[in-house]
Amino acid sequence: MSSQQWNLITSEPPPQWFIEEVKRYTPNSSGKFAAKLLWQRGVCEVEQLEEFINPKAYKSASPFEFGQEMQLAIARLQAARANREKVAIWGDFDADGITSTSVLWDGLGQFFVQNTKLIYYIPNRITESHGLNIKGIEMLAKQGCKLIVTCDTGSTNIEEITYANRLGIDVIVTDHHTLPAERPPVTAIINPRYLPNEHRLYNLSGVAVAYKLVEALYTALPNVPQQPLEDLLDLVAVGLIADLVKLSGDCRYLAQLGIQRLQTDFQQPPAQRRRPGVGKLLELCQKSGDRPTDISFGLGPRINAVSRIQGDARFCVELLTSRDQNRVNQLAEETELANARRKSLQKDITQQVNQKLAQVDLSTTHVIVLEDPQWAPGVLGLVAGQVAQDTGRPTILLSTEHSPSSTSLLARGSARSVNSVDLYQLVKDQAHLLHKFGGHPFAAGLSLPVENIPLFSEAIDQQLRKTIGTASLAPTVEADITVTVADLGKELFLELRLLEPCGMGNPVPKLLIQNCWFENAWHRNQQDTQGKKIQYIKAEFDIRDYSTNNPFPGVWWGHYKDELPLEKCDCIVELDYNSFKKRHEIRLIAVRPSNNSLPHTQKIPDILDWRNLKTEDSALLLTDCPTSWDEIRAWIKKSYHLNQPLALAWSEPKNQSPKEIWRQLAGLAKYLARTQQPVTRVQLLSKLGIGDQPLHLGLKALRHLGLKSTFRDRSLLFTEDTHHKSNYALAQSSLHLFLAAVQEEQFQRAYFAEVPLAAVKAIASGIEVGF
């Protein structure tokens, strides 16, 4: 965190009349926070505000604003329908490509008989990569296809399109990726990059471009479709939000309408849902479909995971479009399993990348390029994105493989950008060293001969060094507005929802909380289905400041509780609603020591010795006998924060023998496994009179004996694995460690039970108050 640069966005405050206009949409709060955010993001007029918040007030662009290219595409589709030609949809394997294919499958399926006159083809991520390819085109030609309609791909596939033409296949490209230098030899190309930058359609993703093609066909043949065009909008929202596009203009409008339809459909009983597969996915990721984050953190990663793990993602189209509830339930479970495997694989590769990164001198490195033959290409983009965010540097991760078209060894991988660096242009400038590449300014895919990696790495690093000069590449985190803990809650959450859906160009509001501190922190390890590998970690906590006596809950993904500072700090957070726990909470983004530290001259709070005495409420009570000086330091710092005396108020410990504590733990675990009652970690610790470390070792020993424990919503659930073969050697080893840990803890507790008050005061006087 120390290398991070923080930036609080500053702008002139919105006028009172604008705040009043915003308040019309959020009557239960002041509207001042949303007004400030909207004003600094350029929404400054009443008409703008109405269109931004209410999609019914927005007038969407006609699909025919794509001009002659759309006219050519519709004419060719009408001819294909009239001549009963076979049409193939050529999609892509990521979330935007899968939803694009699904939109065309359902949309064109109103005009062409599915599976006979309309089929779809999605390349295998592992064996084929993005875009059109010769082998796939030949296969479609053998099946009698006369027209290929691409979605989310195809703009730069000049050679492949020319080959298709030679086989008698016309090609309509719908795409949003970078354009070729010259128009490809296609029947039509519908790509918003041909439009002016300020056009309302310029930022459309692949799925939105596919939707506009279907919309134009609905306009040209209004009496043919049996299903309303709006039925496609939920799929459009999923693809738009899952992809890296700016959510403005028609993008925002389509996403707003799509989320509404997604939520409405999910509220139906499963048997009555229009898209039961989408509903099942939402259930599996414990989302309700009413938030953009339900897509970006729920649906999108799961759809993407299939190709990342399996390569072949064709069944995802069936998952999104089929009405067969039993079939889509099966496919959704398979998707969920792929996502679990993706998490585990991503975690492993992240650890390996970080080991390599430790050998890189970031002070002289502008672009990070790392390679390993063992890395699975499917998750390299995800890991590269995280590295880029953590380091502030564009990151390219490569895996080596044998090329099927040559005897050379190719490195293939993904690139992710950060800090507004145009990564696509950087990679394009080294095209002479590459085998293939494609993408957009924020993300790209590429392959190159292994022997070219050193030259490519050096050249792209020098290119960025020349481009940015002396500008800093330190990772930057921006805060939009300053709030207090008292501001957090339902009212602020509903106010900030006026800005949704958020995405590029309209990011989720980042809130700066100053001079705050954390309490009741704990963390959990989420394991895989076999309870073996840890898939992710998260710390949970309460946040406090001087604005209120009420703490507010929060989470910090990917971090342990011990990484939270003990002293006062500033933090940047996002306000969210946890639909599983039915509560509002913050998601911690960044934290650093507070600049508003207490002065060195502040009086040190009193340390009172109330051990084995009746206590009062006028002091901060330390009632559990500590086992380390770190615990005492934490309590002293807490007394600083609250400006209250600290009272040592524990009673003389009454220790049971370590073996008796083990018998209690084993007996409790068996009882809880039999009754399936949950128990909190705090309840177990209190009942047994031990700390976290012995409990961890005790649970480990129980697992070796077939008594598994899993965390669920701050509670432990015990289950007895009847098929487990008890490993008594490992259990005995863990048991010895448990007994030793309990004995050591009791020894420490016995010391601190009688620790002189003078020693505690000496520690207090030596603590640095100015954080």
# chains A, B, ... in the order shown; residues from 1 in each chain; ligands from 1
$ residues_around --residues "Val207 in chain A" --least-positions-apart "6" --cutoff "8 Å" --atoms "only C-alpha atoms" --output "MDAnalysis selection string"
chainID A and resid 96:97 99:101 103 151:152 235:236 239:240
$ write_last_selection --atoms "C-alpha atoms" --output "compact mmCIF listing (two decimals), in the first residue's frame"
# COMPACT_ATOMS: atom_id res chain seq x y z
CA ASP A 96 -19.50 -10.51 -24.33
CA GLY A 97 -19.06 -13.06 -27.11
CA THR A 99 -24.10 -13.17 -24.88
CA SER A 100 -23.63 -11.77 -28.41
CA THR A 101 -24.06 -15.26 -29.84
CA VAL A 103 -28.69 -12.54 -28.77
CA CYS A 151 -20.41 -11.13 -33.28
CA ASP A 152 -17.80 -9.55 -31.03
CA LEU A 235 -28.58 -10.74 -22.28
CA VAL A 236 -27.42 -7.35 -23.58
CA GLY A 239 -22.53 -8.69 -21.97
CA LEU A 240 -22.27 -4.91 -21.65
$ residues_around --residues "Trp6 in chain A" --least-positions-apart "3" --cutoff "8 Å" --atoms "only C-alpha atoms" --output "ChimeraX atom specification"
/A:476-479
$ write_last_selection --atoms "N, CA and C atoms" --output "compact mmCIF listing (two decimals), in the first residue's frame"
# COMPACT_ATOMS: atom_id res chain seq x y z
N THR A 476 -2.45 4.21 -8.75
CA THR A 476 -3.23 5.33 -8.23
C THR A 476 -4.63 4.86 -7.89
N VAL A 477 -5.13 5.28 -6.75
CA VAL A 477 -6.51 5.02 -6.37
C VAL A 477 -7.17 6.36 -6.12
N GLU A 478 -8.33 6.55 -6.73
CA GLU A 478 -9.03 7.82 -6.64
C GLU A 478 -10.25 7.72 -5.73
N ALA A 479 -10.46 8.76 -4.95
CA ALA A 479 -11.66 8.86 -4.13
C ALA A 479 -12.53 9.97 -4.69
$ closest_residue --among "A:Lys280, A:Lys659, A:Lys142, A:Lys708" --to "His736 in chain A" --atoms "only C-alpha atoms"
A:Lys659
$ select_by_dssp --residues "range 538-726 of chain A" --states "strand (DSSP E or B)" --output "ChimeraX atom specification"
/A:538-544,552-557,569-578,583-593,607-609,620-622,646-648,679-680,707-712,715-720
$ atom_distance --atom1 "CA of Gln4 in chain A" --atom2 "CA of Thr391 in chain A"
8.6 Å
$ residues_around --residues "Cys502 in chain A" --least-positions-apart "5" --cutoff "9 Å" --atoms "only C-alpha atoms" --output "list in words"
Ile241, Leu247, Arg252, Pro292, Thr293, Pro507, Val508 and Pro509 of chain A
$ write_last_selection --atoms "C-alpha atoms" --output "PDB file, in the first residue's frame"
ATOM      1  CA  ILE A 241     -21.416  -4.865 -17.962  1.00  0.00           C
ATOM      2  CA  LEU A 247     -21.353   2.874 -20.045  1.00  0.00           C
ATOM      3  CA  ARG A 252     -26.070   2.952 -20.353  1.00  0.00           C
ATOM      4  CA  PRO A 292     -24.690  -4.337 -11.947  1.00  0.00           C
ATOM      5  CA  THR A 293     -22.335  -6.040  -9.472  1.00  0.00           C
ATOM      6  CA  PRO A 507     -17.059   4.080 -11.985  1.00  0.00           C
ATOM      7  CA  VAL A 508     -18.516   2.854  -8.713  1.00  0.00           C
ATOM      8  CA  PRO A 509     -18.249   5.798  -6.280  1.00  0.00           C
TER       9      PRO A 509
END
$ residues_around --residues "His435 in chain A" --least-positions-apart "4" --cutoff "7 Å" --atoms "only C-alpha atoms" --output "ChimeraX atom specification"
/A:447-449
$ write_last_selection --atoms "all heavy atoms" --output "PDB file, in the first residue's frame"
ATOM      1  N   SER A 447       0.306 -13.504 -29.450  1.00  0.00           N
ATOM      2  CA  SER A 447       1.207 -14.653 -29.491  1.00  0.00           C
ATOM      3  C   SER A 447       2.438 -14.244 -30.281  1.00  0.00           C
ATOM      4  O   SER A 447       2.368 -13.397 -31.176  1.00  0.00           O
ATOM      5  CB  SER A 447       0.525 -15.877 -30.126  1.00  0.00           C
ATOM      6  OG  SER A 447       0.127 -15.591 -31.459  1.00  0.00           O
ATOM      7  N   LEU A 448       3.582 -14.840 -29.946  1.00  0.00           N
ATOM      8  CA  LEU A 448       4.836 -14.510 -30.618  1.00  0.00           C
ATOM      9  C   LEU A 448       5.812 -15.654 -30.435  1.00  0.00           C
ATOM     10  O   LEU A 448       5.687 -16.439 -29.484  1.00  0.00           O
ATOM     11  CB  LEU A 448       5.438 -13.215 -30.074  1.00  0.00           C
ATOM     12  CG  LEU A 448       6.067 -13.205 -28.663  1.00  0.00           C
ATOM     13  CD1 LEU A 448       6.939 -11.956 -28.510  1.00  0.00           C
ATOM     14  CD2 LEU A 448       5.027 -13.239 -27.573  1.00  0.00           C
ATOM     15  N   PRO A 449       6.787 -15.795 -31.339  1.00  0.00           N
ATOM     16  CA  PRO A 449       7.812 -16.825 -31.163  1.00  0.00           C
ATOM     17  C   PRO A 449       8.568 -16.605 -29.858  1.00  0.00           C
ATOM     18  O   PRO A 449       8.868 -15.471 -29.477  1.00  0.00           O
ATOM     19  CB  PRO A 449       8.729 -16.610 -32.377  1.00  0.00           C
ATOM     20  CG  PRO A 449       7.863 -15.944 -33.396  1.00  0.00           C
ATOM     21  CD  PRO A 449       6.928 -15.066 -32.612  1.00  0.00           C
TER      22      PRO A 449
END
$ atom_distance --atom1 "CA of Gly109 in chain A" --atom2 "CA of Arg193 in chain A"
27.1 Å
$ residues_around --residues "Glu182 in chain A" --least-positions-apart "6" --cutoff "12 Å" --atoms "only C-alpha atoms" --output "JSON list (two decimals) with all heavy atoms, in the first residue's frame"
[["chain", "number", "residue", "atom", "x", "y", "z"],
["A", 155, "SER", "N", -13.28, -8.20, -37.21],
["A", 155, "SER", "CA", -12.93, -6.98, -37.94],
["A", 155, "SER", "C", -11.58, -7.06, -38.64],
["A", 155, "SER", "O", -11.42, -6.52, -39.74],
["A", 155, "SER", "CB", -12.92, -5.77, -36.99],
["A", 155, "SER", "OG", -14.21, -5.47, -36.54],
["A", 156, "THR", "N", -10.61, -7.72, -38.03],
["A", 156, "THR", "CA", -9.26, -7.76, -38.61],
["A", 156, "THR", "C", -8.92, -9.09, -39.27],
["A", 156, "THR", "O", -7.76, -9.30, -39.65],
["A", 156, "THR", "CB", -8.22, -7.45, -37.52],
["A", 156, "THR", "OG1", -8.37, -8.39, -36.46],
["A", 156, "THR", "CG2", -8.40, -6.04, -36.97],
["A", 157, "ASN", "N", -9.91, -9.98, -39.42],
["A", 157, "ASN", "CA", -9.64, -11.31, -40.01],
["A", 157, "ASN", "C", -9.70, -11.27, -41.54],
["A", 157, "ASN", "O", -10.50, -11.97, -42.17],
["A", 157, "ASN", "CB", -10.63, -12.34, -39.47],
["A", 157, "ASN", "CG", -10.38, -12.71, -38.03],
["A", 157, "ASN", "OD1", -11.27, -12.66, -37.20],
["A", 157, "ASN", "ND2", -9.14, -13.08, -37.72],
["A", 158, "ILE", "N", -8.83, -10.48, -42.15],
["A", 158, "ILE", "CA", -8.87, -10.26, -43.60],
["A", 158, "ILE", "C", -8.64, -11.57, -44.36],
["A", 158, "ILE", "O", -9.39, -11.93, -45.28],
["A", 158, "ILE", "CB", -7.81, -9.21, -44.02],
["A", 158, "ILE", "CG1", -7.94, -7.95, -43.18],
["A", 158, "ILE", "CG2", -7.91, -8.92, -45.51],
["A", 158, "ILE", "CD1", -9.24, -7.23, -43.33],
["A", 189, "ILE", "N", -19.93, -4.57, -42.62],
["A", 189, "ILE", "CA", -19.23, -4.55, -41.34],
["A", 189, "ILE", "C", -19.88, -3.48, -40.46],
["A", 189, "ILE", "O", -19.90, -2.31, -40.80],
["A", 189, "ILE", "CB", -17.71, -4.30, -41.50],
["A", 189, "ILE", "CG1", -17.05, -4.25, -40.10],
["A", 189, "ILE", "CG2", -17.40, -3.07, -42.33],
["A", 189, "ILE", "CD1", -15.52, -4.28, -40.13],
["A", 194, "TYR", "N", -16.28, 2.96, -36.55],
["A", 194, "TYR", "CA", -16.36, 3.78, -37.75],
["A", 194, "TYR", "C", -17.09, 5.10, -37.48],
["A", 194, "TYR", "O", -17.03, 6.03, -38.28],
["A", 194, "TYR", "CB", -17.09, 3.03, -38.87],
["A", 194, "TYR", "CG", -16.24, 1.99, -39.57],
["A", 194, "TYR", "CD1", -16.56, 0.63, -39.50],
["A", 194, "TYR", "CD2", -15.14, 2.36, -40.33],
["A", 194, "TYR", "CE1", -15.80, -0.33, -40.14],
["A", 194, "TYR", "CE2", -14.37, 1.41, -40.99],
["A", 194, "TYR", "CZ", -14.70, 0.06, -40.88],
["A", 194, "TYR", "OH", -13.93, -0.87, -41.53]]
$ residues_around --residues "Trp629 in chain A" --least-positions-apart "3" --cutoff "10 Å" --atoms "only C-alpha atoms" --output "list of chain:residue names"
A:Pro626, A:Ile632, A:Arg633, A:Ala634, A:Trp635, A:Phe752, A:Val760, A:Ile763
$ closest_residue --among "A:Ser62, A:Val171, A:Asn115, A:Val317" --to "Lys212 in chain A" --atoms "only C-alpha atoms"
A:Ser62
$ residues_around --residues "Leu695 in chain A" --least-positions-apart "6" --cutoff "9 Å" --atoms "only C-alpha atoms" --output "PyMOL selection string"
chain A and resi 665+681+684-685+688+738+742
$ closest_atom_pairs --of "range 450-557 of chain A" --to "range 417-420 of chain A" --cutoff "12 Å" --atoms "only C-alpha atoms" --output "CSV"
residue,atom,partner,partner_atom,distance
A:Leu464,CA,A:Ser417,CA,11.7
A:Ile468,CA,A:Asn419,CA,10.9
A:Ala471,CA,A:Asn419,CA,10.9
A:Ser472,CA,A:Asn419,CA,9.8
A:Leu473,CA,A:Asn419,CA,7.7
A:Ala474,CA,A:Asn419,CA,9.0
A:Pro475,CA,A:Asn419,CA,7.7
A:Thr476,CA,A:Asn419,CA,7.6
A:Val477,CA,A:Asn419,CA,9.9
A:Glu478,CA,A:Asn419,CA,11.3
A:Met504,CA,A:Ser420,CA,11.4
A:Gly505,CA,A:Ser420,CA,11.8
$ write_last_selection --atoms "C-alpha atoms" --output "tab-separated table (two decimals), in the first residue's frame"
chain	number	residue	atom	x	y	z
A	464	LEU	CA	6.28	3.34	-23.01
A	468	ILE	CA	5.27	8.92	-20.64
A	471	ALA	CA	5.48	10.64	-15.33
A	472	SER	CA	4.98	8.30	-12.38
A	473	LEU	CA	3.69	4.78	-12.89
A	474	ALA	CA	2.83	4.26	-9.22
A	475	PRO	CA	-0.61	2.65	-8.83
A	476	THR	CA	-3.23	5.33	-8.23
A	477	VAL	CA	-6.51	5.02	-6.37
A	478	GLU	CA	-9.03	7.82	-6.64
A	504	MET	CA	-15.90	2.60	-17.36
A	505	GLY	CA	-16.48	6.35	-17.58
$ select_by_dssp --residues "range 397-447 of chain A" --states "helix (DSSP H, G or I)" --output "list in words"
Leu423, Tyr424, Gln425, Leu426, Val427, Lys428, Ala431, His432 and Leu433 of chain A
$ write_last_selection --atoms "all heavy atoms" --output "mmCIF file, in the first residue's frame"
data_model
loop_
_atom_site.group_PDB
_atom_site.id
_atom_site.type_symbol
_atom_site.label_atom_id
_atom_site.label_comp_id
_atom_site.auth_asym_id
_atom_site.auth_seq_id
_atom_site.Cartn_x
_atom_site.Cartn_y
_atom_site.Cartn_z
ATOM 1 N N LEU A 423 -2.663 0.228 -24.369
ATOM 2 C CA LEU A 423 -1.895 -1.007 -24.490
ATOM 3 C C LEU A 423 -1.939 -1.549 -25.915
ATOM 4 O O LEU A 423 -0.947 -2.081 -26.427
ATOM 5 C CB LEU A 423 -2.440 -2.039 -23.502
ATOM 6 C CG LEU A 423 -1.710 -3.366 -23.429
ATOM 7 C CD1 LEU A 423 -0.283 -3.156 -22.971
ATOM 8 C CD2 LEU A 423 -2.408 -4.305 -22.473
ATOM 9 N N TYR A 424 -3.092 -1.419 -26.569
ATOM 10 C CA TYR A 424 -3.209 -1.953 -27.930
ATOM 11 C C TYR A 424 -2.180 -1.305 -28.848
ATOM 12 O O TYR A 424 -1.515 -1.990 -29.647
ATOM 13 C CB TYR A 424 -4.624 -1.719 -28.459
ATOM 14 C CG TYR A 424 -4.838 -2.269 -29.858
ATOM 15 C CD1 TYR A 424 -5.185 -3.601 -30.054
ATOM 16 C CD2 TYR A 424 -4.658 -1.470 -30.971
ATOM 17 C CE1 TYR A 424 -5.359 -4.126 -31.323
ATOM 18 C CE2 TYR A 424 -4.831 -1.972 -32.252
ATOM 19 C CZ TYR A 424 -5.184 -3.305 -32.424
ATOM 20 O OH TYR A 424 -5.350 -3.818 -33.682
ATOM 21 N N GLN A 425 -2.034 0.014 -28.733
ATOM 22 C CA GLN A 425 -1.074 0.710 -29.595
ATOM 23 C C GLN A 425 0.350 0.293 -29.267
ATOM 24 O O GLN A 425 1.187 0.124 -30.158
ATOM 25 C CB GLN A 425 -1.235 2.226 -29.441
ATOM 26 C CG GLN A 425 -0.421 3.042 -30.445
ATOM 27 C CD GLN A 425 -0.810 2.740 -31.882
ATOM 28 O OE1 GLN A 425 -2.001 2.698 -32.215
ATOM 29 N NE2 GLN A 425 0.180 2.476 -32.732
ATOM 30 N N LEU A 426 0.633 0.122 -27.976
ATOM 31 C CA LEU A 426 1.969 -0.325 -27.572
ATOM 32 C C LEU A 426 2.318 -1.662 -28.208
ATOM 33 O O LEU A 426 3.418 -1.863 -28.730
ATOM 34 C CB LEU A 426 2.037 -0.463 -26.050
ATOM 35 C CG LEU A 426 2.383 0.759 -25.196
ATOM 36 C CD1 LEU A 426 2.349 0.385 -23.724
ATOM 37 C CD2 LEU A 426 3.734 1.336 -25.581
ATOM 38 N N VAL A 427 1.356 -2.607 -28.150
ATOM 39 C CA VAL A 427 1.593 -3.934 -28.722
ATOM 40 C C VAL A 427 1.673 -3.850 -30.242
ATOM 41 O O VAL A 427 2.538 -4.477 -30.873
ATOM 42 C CB VAL A 427 0.479 -4.914 -28.284
ATOM 43 C CG1 VAL A 427 0.647 -6.261 -28.969
ATOM 44 C CG2 VAL A 427 0.484 -5.093 -26.767
ATOM 45 N N LYS A 428 0.800 -3.046 -30.828
ATOM 46 C CA LYS A 428 0.770 -2.925 -32.288
ATOM 47 C C LYS A 428 2.099 -2.402 -32.833
ATOM 48 O O LYS A 428 2.552 -2.808 -33.918
ATOM 49 C CB LYS A 428 -0.366 -1.998 -32.702
ATOM 50 C CG LYS A 428 -0.549 -1.868 -34.210
ATOM 51 C CD LYS A 428 -1.700 -0.923 -34.541
ATOM 52 C CE LYS A 428 -1.853 -0.766 -36.048
ATOM 53 N NZ LYS A 428 -2.925 0.200 -36.381
ATOM 54 N N ALA A 431 4.391 -5.109 -33.840
ATOM 55 C CA ALA A 431 3.712 -6.162 -34.623
ATOM 56 C C ALA A 431 4.699 -7.028 -35.398
ATOM 57 O O ALA A 431 4.436 -8.216 -35.642
ATOM 58 C CB ALA A 431 2.703 -5.521 -35.576
ATOM 59 N N HIS A 432 5.840 -6.470 -35.789
ATOM 60 C CA HIS A 432 6.814 -7.242 -36.562
ATOM 61 C C HIS A 432 7.424 -8.386 -35.754
ATOM 62 O O HIS A 432 8.001 -9.323 -36.327
ATOM 63 C CB HIS A 432 7.924 -6.311 -37.069
ATOM 64 C CG HIS A 432 8.661 -5.595 -35.977
ATOM 65 N ND1 HIS A 432 8.094 -4.548 -35.268
ATOM 66 C CD2 HIS A 432 9.903 -5.778 -35.448
ATOM 67 C CE1 HIS A 432 8.961 -4.105 -34.364
ATOM 68 N NE2 HIS A 432 10.053 -4.844 -34.445
ATOM 69 N N LEU A 433 7.295 -8.318 -34.433
ATOM 70 C CA LEU A 433 7.833 -9.383 -33.582
ATOM 71 C C LEU A 433 6.782 -10.424 -33.220
ATOM 72 O O LEU A 433 7.101 -11.430 -32.582
ATOM 73 C CB LEU A 433 8.404 -8.785 -32.296
ATOM 74 C CG LEU A 433 9.576 -7.815 -32.445
ATOM 75 C CD1 LEU A 433 9.906 -7.181 -31.099
ATOM 76 C CD2 LEU A 433 10.797 -8.529 -33.017
#
$ closest_residue --among "A:Pro501, A:Pro185, A:Pro441, A:Gly378" --to "Arg291 in chain A" --atoms "only C-alpha atoms"
A:Pro501
$ atom_distance --atom1 "CA of Ile169 in chain A" --atom2 "CA of Asn133 in chain A"
13.6 Å
